[in-house]
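Just below is one structure, and these are the notes that go with it.
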2 protein chains.
Amino acid sequence: MPNIKDVAKAAGVSIATVSYVLNNKSAFYSEKTRQLVLEAVERVGYTPNVTARNLKANQTRLIGYACHHLPPGQFNSVLDQFVYFLTQEAEAAGYHILMFTFPLDNPPSAYDDLIRTGQVDAFVVASTNLNDSRIRFLLDQQFPFVSFGRANSEWDFPYVDTDGERGICEAVKYLYSLGHERIAMIGWPEESISGSFRVAGYLRAHHELGLPLRSEYLLRAEHSEQAGRAALAEWLSLPRSKWPTAVVAIDDLVAIGVMNEASERGLPVGEGFAVVGYDDMPLGQYLRPSLTTMRQPIAAICRNLILMLEDILNQRPLENPCRLLPPELVVRASSGGPL
Amino acid sequence: MPNIKDVAKAAGVSIATVSYVLNNKSAFYSEKTRQLVLEAVERVGYTPNVTARNLKANQTRLIGYACHHLPPGQFNSVLDQFVYFLTQEAEAAGYHILMFTFPLDNPPSAYDDLIRTGQVDAFVVASTNLNDSRIRFLLDQQFPFVSFGRANSEWDFPYVDTDGERGICEAVKYLYSLGHERIAMIGWPEESISGSFRVAGYLRAHHELGLPLRSEYLLRAEHSEQAGRAALAEWLSLPRSKWPTAVVAIDDLVAIGVMNEASERGLPVGEGFAVVGYDDMPLGQYLRPSLTTMRQPIAAICRNLILMLEDILNQRPLENPCRLLPPELVVRASSGGPL
DNA sequence: CTGTTAGCGCATTCAT
DNA sequence: ATGAATGCGCTAACAG
């Protein structure tokens, strides 16, 4: 690879002049020198070496993003979209994404490594939770990062998140508009932060609709198909008159469990028994019945994450460090028509 | 961040000595100096700066991997697994993955950029095809890379691939062992390289089993649910006695299309009508009926990719530059029991 | 306007 | 065994 010296030689100027031209420091060269340099750049096929530039500038133009392994049977339904859009937005801002993994027993260690060795300028943290050790660590270190997802409310850090409360609230109201009054929900365990927002939406919808809340209609379970099945089984053990006519699942995988259990027990999903999921995983439209769900605006989330990171890295004040984006109701067959 | 000078000062030695100790050049320091240095490293909290080290060594310890966007409705069913395992294996070898995107109208340009700016040491190319412009470009440039997937047989480059021919052959033989004799297949368009290997497996199985080949049983379509539906519809327009009793789909999404169309037409998938997919996407086990499929050994693929890359980057001769890994038949409900 | 030069942090050669 | 000095490729301060 040719370097700046080769260009200088080819153009018959000094390396400083080449550097000035390439970095548009227009005060330091004449137009004819510029032509000379650009032509030489073209001739020798020169592109500045990023490593050298980074060493000088004390940066990397790399953003770290950790991908985690999920136990078999689970999966992140929107990970591929997220990674793609994040990469694309990062590139638009002149960055690339550096992928890394972290040990489950000590997540911050991987972040620490990358910081200490100077391999990234910032992080995008995702799949956050209450007392998230990574966020606590990054706050401690005062290292630039943005988060997809919230954590402890008293912690002050920039994040983008889907407004799960609003989303589930909208889902419940939609079901109500179809005529459902016995609407059940499967949440995640209480420790889950995004889970608790979504459950709050369930509660708020009932409050605003004046629907009575029945504690037996709100169950908590883990992110799994089995959890959806078990929850429905529990509801179907109630007297028939108390069976919910609609279920809001906290994510699509749980919704699938509900649909599977319902089908096996002869409950007609989409015809009198409604199921709504959350995430809009790619396969949802091809399920039978196709899955009504709340779509996470992944592209917008990634755009916001990177825009915020740009502001942070350029020391610009953040306009709005806490951004909630509304999910979008995608109506398909599993929610059925009016009762 | 402290640098090597800080350590040298703290240890009362020169920076050269610190460097020697940290790089285990044991010929150049005494044991007691070593202790001195290590203790100073600990005290000031020093970690070598990777950018500086890279500039000196003319490397980046970064492997480029391009993720591509798929049109809505399509998706790469094993991308998240692939990215995770690739990242993990790369880390085990002392590398990280740099994600980037490329424009569909000029894929090599993104690879060229990263090469010219010196941002990566090598690439992992995936989703290859015949006349793949990226592979041709990297071969031209003689830039280190490995591929997940094959391309033109006359091109000489290192790759790992799933043995699609073997996989589909095994699937067909399994169906035959259940008593099926009218086994149909949906392939990808002829231009698809991995598609043609899989179709070859279909043909080989028929040959080895002595089953007659009927041209109407082999259809070609794109990677979509709709394609699976359309293929089944075409077969069901044959006289009933010629309906296939089993379908091998070239990928899970197509298999889902077949299952959906079959269910809607009252054909009992898993009970007399068998469907087998390919890929083992995470959701397959939760479909109704659960999807029998050929599982791609993603973890092993990633391990092989990185092992080969290590050999290449260290100028070691490649033991076996063309590695075919067998997929694994995962029997679930959609293939049913013996006829 | 242009060229010379000093570092960025590190590895390594060459003296001692 | 140790340290001084050089250079990786680049940017930018400074001198001319």
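Please note that chains go A, B, ... in the order of the structure tokens, that every chain numbers its residues from 1, and that ligands are numbered from 1 in the order shown.
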
Could you list, as an mmCIF file with C-alpha atoms, in the first residue's frame, every residue within 10 Å of Ala274 in chain B, counting only C-alpha atoms (C1' of nucleotides) and ignoring same-chain residues fewer than 6 positions away?
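Just written: part_19.cif:
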```cif
data_model
loop_
_atom_site.group_PDB
_atom_site.id
_atom_site.type_symbol
_atom_site.label_atom_id
_atom_site.label_comp_id
_atom_site.auth_asym_id
_atom_site.auth_seq_id
_atom_site.Cartn_x
_atom_site.Cartn_y
_atom_site.Cartn_z
ATOM 1 C CA LEU B 175 -38.127 -40.346 3.948
ATOM 2 C CA LEU B 178 -40.358 -44.284 6.295
ATOM 3 C CA HIS B 180 -42.236 -42.669 0.972
ATOM 4 C CA ILE B 183 -40.736 -37.565 -2.806
ATOM 5 C CA PRO B 244 -46.087 -36.534 -3.613
ATOM 6 C CA THR B 245 -46.299 -37.977 -0.121
ATOM 7 C CA ALA B 246 -43.215 -36.150 1.036
ATOM 8 C CA VAL B 247 -41.544 -32.838 0.254
ATOM 9 C CA VAL B 248 -37.965 -31.857 0.840
ATOM 10 C CA MET B 259 -46.729 -26.758 5.632
ATOM 11 C CA LEU B 267 -53.357 -32.243 3.905
ATOM 12 C CA PRO B 268 -52.207 -33.620 7.262
ATOM 13 C CA LEU B 291 -40.208 -29.075 11.641
ATOM 14 C CA THR B 292 -37.945 -31.943 10.705
ATOM 15 C CA ALA B 333 -43.018 -34.136 13.812
ATOM 16 C CA SER B 334 -43.394 -32.770 10.294
ATOM 17 C CA SER B 335 -41.855 -35.862 8.743
ATOM 18 C CA GLY B 336 -44.231 -38.187 10.579
ATOM 19 C CA GLY B 337 -43.652 -41.838 11.326
ATOM 20 C CA LEU B 339 -46.258 -44.766 6.341
#
```

Counting only C-alpha atoms (C1' of nucleotides), which residues of chain D sit at most 9 Å from some atom of range 3-14 of chain C, and what is each one's closest atom pair with its distance in Å to one decimal, listed by chain and rising residue number, as a tab-separated table?
```
residue	atom	partner	partner_atom	distance
D:DA5	C1'	C:DC14	C1'	8.6
D:DT6	C1'	C:DT13	C1'	8.2
D:DA13	C1'	C:DA6	C1'	8.6
D:DC14	C1'	C:DT5	C1'	8.6
D:DA15	C1'	C:DT4	C1'	7.9
D:DG16	C1'	C:DG3	C1'	8.2
```

Notebook entry, point to check: In range 33-242 of chain A, what's strand (DSSP E) per DSSP? Answer as JSON, numbers by chain?
Noted result: {"A": [62, 63, 64, 65, 66, 96, 97, 98, 99, 100, 122, 123, 124, 125, 126, 145, 146, 147, 148, 159, 160, 161, 162, 183, 184, 185, 186, 187, 218, 219, 220]}

Please identify every residue of chain B that has at least one atom no farther than 7 Å from an atom of chain C, counting only C-alpha atoms (C1' of nucleotides), and for each give the shortest atom pair and the distance in Å to one decimal, arranged by chain then increasing number, as a Markdown table.
```
| residue | atom | partner | partner_atom | distance |
| --- | --- | --- | --- | --- |
| B:Asn3 | CA | C:DG9 | C1' | 6.9 |
| B:Asn49 | CA | C:DG9 | C1' | 6.7 |
| B:Ala52 | CA | C:DG9 | C1' | 4.9 |
| B:Arg53 | CA | C:DC10 | C1' | 5.3 |
| B:Lys56 | CA | C:DC10 | C1' | 6.6 |
```

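Within 9 Å of chain A, and using only C-alpha atoms (C1' of nucleotides), the residues found on chain D are DC8, DG9, DC10, DT11 and DA12 of chain D.
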
Margin query: Report, in Å to a single decimal, how far apart CA of Val125 in chain A and CA of Cys67 in chain A are.
Written below: 9.4 Å

Notebook entry, point to check: Got a sec: who's within 6 Å of Ile63 in chain B, counting only C-alpha atoms (C1' of nucleotides), leaving out chain neighbours fewer than 4 positions off, as a ChimeraX atom specification?
Noted result: /B:97-98,120-123

Checklist line | Residue nearest Ser290 in chain A - candidates A:Asp113, A:Asp252, A:Glu39, A:Glu234, atoms counted: only C-alpha atoms | finding: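 When distances to Ser290 in chain A are compared using only C-alpha atoms, the smallest one comes from A:Asp252.
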
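Here CA of Met294 in chain B and CA of Leu219 in chain B stand 19.3 Å from one another.
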
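Each of A:Pro2, A:Pro321, A:Pro158, A:Gly266 was checked against chain B using only C-alpha atoms; the smallest atom-to-atom distance is that of A:Pro2.
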
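Here the question is which of A:Arg295, A:His69, A:Arg150, A:His223 gets nearest to chain B using only C-alpha atoms, and that residue is A:His69.
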
Notebook entry, point to check: Where does DSSP see alpha helix (DSSP H) in range 5-52 of chain B, if you list the residues as a PyMOL selection string?
Noted result: chain B and resi 5-11+15-22+31-44+50-52

Check: Can you tell me how far CA of Phe137 in chain A sits from CA of Ala110 in chain A, in Å to one decimal?
Finding: 11.0 Å

Next item on the list: For Leu218 in chain B, list every protein, DNA or RNA residue within 8 Å, evaluated using only C-alpha atoms (C1' of nucleotides), and leave out those in the same chain fewer than 4 positions away; present the list as a list in words.
Entry: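 My reading of the contact set: Ala184, Met185, Ile186, Gly187 and Arg214 of chain B.
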
Prev. selection, all heavy atoms, output as a PDB file, in the first residue's frame:
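result33.pdb written:
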```
ATOM      1  N   ALA B 184     -40.951 -35.235  -3.405  1.00  0.00           N
ATOM      2  CA  ALA B 184     -40.731 -34.061  -4.245  1.00  0.00           C
ATOM      3  C   ALA B 184     -39.719 -33.134  -3.591  1.00  0.00           C
ATOM      4  O   ALA B 184     -39.421 -33.247  -2.404  1.00  0.00           O
ATOM      5  CB  ALA B 184     -42.054 -33.330  -4.471  1.00  0.00           C
ATOM      6  N   MET B 185     -39.175 -32.243  -4.388  1.00  0.00           N
ATOM      7  CA  MET B 185     -38.227 -31.282  -3.838  1.00  0.00           C
ATOM      8  C   MET B 185     -38.455 -29.898  -4.433  1.00  0.00           C
ATOM      9  O   MET B 185     -38.749 -29.750  -5.619  1.00  0.00           O
ATOM     10  CB  MET B 185     -36.786 -31.708  -4.115  1.00  0.00           C
ATOM     11  CG  MET B 185     -35.794 -30.608  -3.717  1.00  0.00           C
ATOM     12  SD  MET B 185     -34.094 -31.142  -3.554  1.00  0.00           S
ATOM     13  CE  MET B 185     -33.439 -29.720  -2.652  1.00  0.00           C
ATOM     14  N   ILE B 186     -38.274 -28.890  -3.560  1.00  0.00           N
ATOM     15  CA  ILE B 186     -38.275 -27.504  -4.028  1.00  0.00           C
ATOM     16  C   ILE B 186     -36.850 -26.993  -3.921  1.00  0.00           C
ATOM     17  O   ILE B 186     -36.279 -26.958  -2.819  1.00  0.00           O
ATOM     18  CB  ILE B 186     -39.189 -26.623  -3.176  1.00  0.00           C
ATOM     19  CG1 ILE B 186     -40.590 -27.221  -3.131  1.00  0.00           C
ATOM     20  CG2 ILE B 186     -39.207 -25.195  -3.716  1.00  0.00           C
ATOM     21  CD1 ILE B 186     -41.467 -26.593  -2.079  1.00  0.00           C
ATOM     22  N   GLY B 187     -36.277 -26.649  -5.056  1.00  0.00           N
ATOM     23  CA  GLY B 187     -34.918 -26.132  -5.054  1.00  0.00           C
ATOM     24  C   GLY B 187     -34.924 -24.634  -5.262  1.00  0.00           C
ATOM     25  O   GLY B 187     -35.974 -24.021  -5.426  1.00  0.00           O
ATOM     26  N   ARG B 214     -39.073 -38.181 -11.342  1.00  0.00           N
ATOM     27  CA  ARG B 214     -40.119 -37.547 -12.144  1.00  0.00           C
ATOM     28  C   ARG B 214     -39.811 -36.059 -12.175  1.00  0.00           C
ATOM     29  O   ARG B 214     -39.707 -35.423 -11.130  1.00  0.00           O
ATOM     30  CB  ARG B 214     -41.478 -37.757 -11.507  1.00  0.00           C
ATOM     31  CG  ARG B 214     -41.888 -39.199 -11.364  1.00  0.00           C
ATOM     32  CD  ARG B 214     -43.086 -39.261 -10.406  1.00  0.00           C
ATOM     33  NE  ARG B 214     -43.386 -40.642 -10.042  1.00  0.00           N
ATOM     34  CZ  ARG B 214     -44.258 -41.383 -10.704  1.00  0.00           C
ATOM     35  NH1 ARG B 214     -44.881 -40.892 -11.755  1.00  0.00           N
ATOM     36  NH2 ARG B 214     -44.493 -42.628 -10.312  1.00  0.00           N
TER      37      ARG B 214
END
```

Note to self: With only C-alpha atoms (C1' of nucleotides) as the counted atoms, please give the residues lying no more than 9 Å from Tyr84 in chain A, apart from itself and same-chain residues fewer than 2 positions off, as a VMD selection string.
What the structure shows: (chain A and resid 79 to 82 86 to 89 299) or (chain B and resid 67 to 69 99 to 101)

Next item on the list: Tell me, as a ChimeraX atom specification, which residues lie within 6 Å of range 277-281 of chain A, counting only C-alpha atoms (C1' of nucleotides); anything in the same chain fewer than 6 positions away does not count.
Entry: /A:77-78,249-252,255,293-296
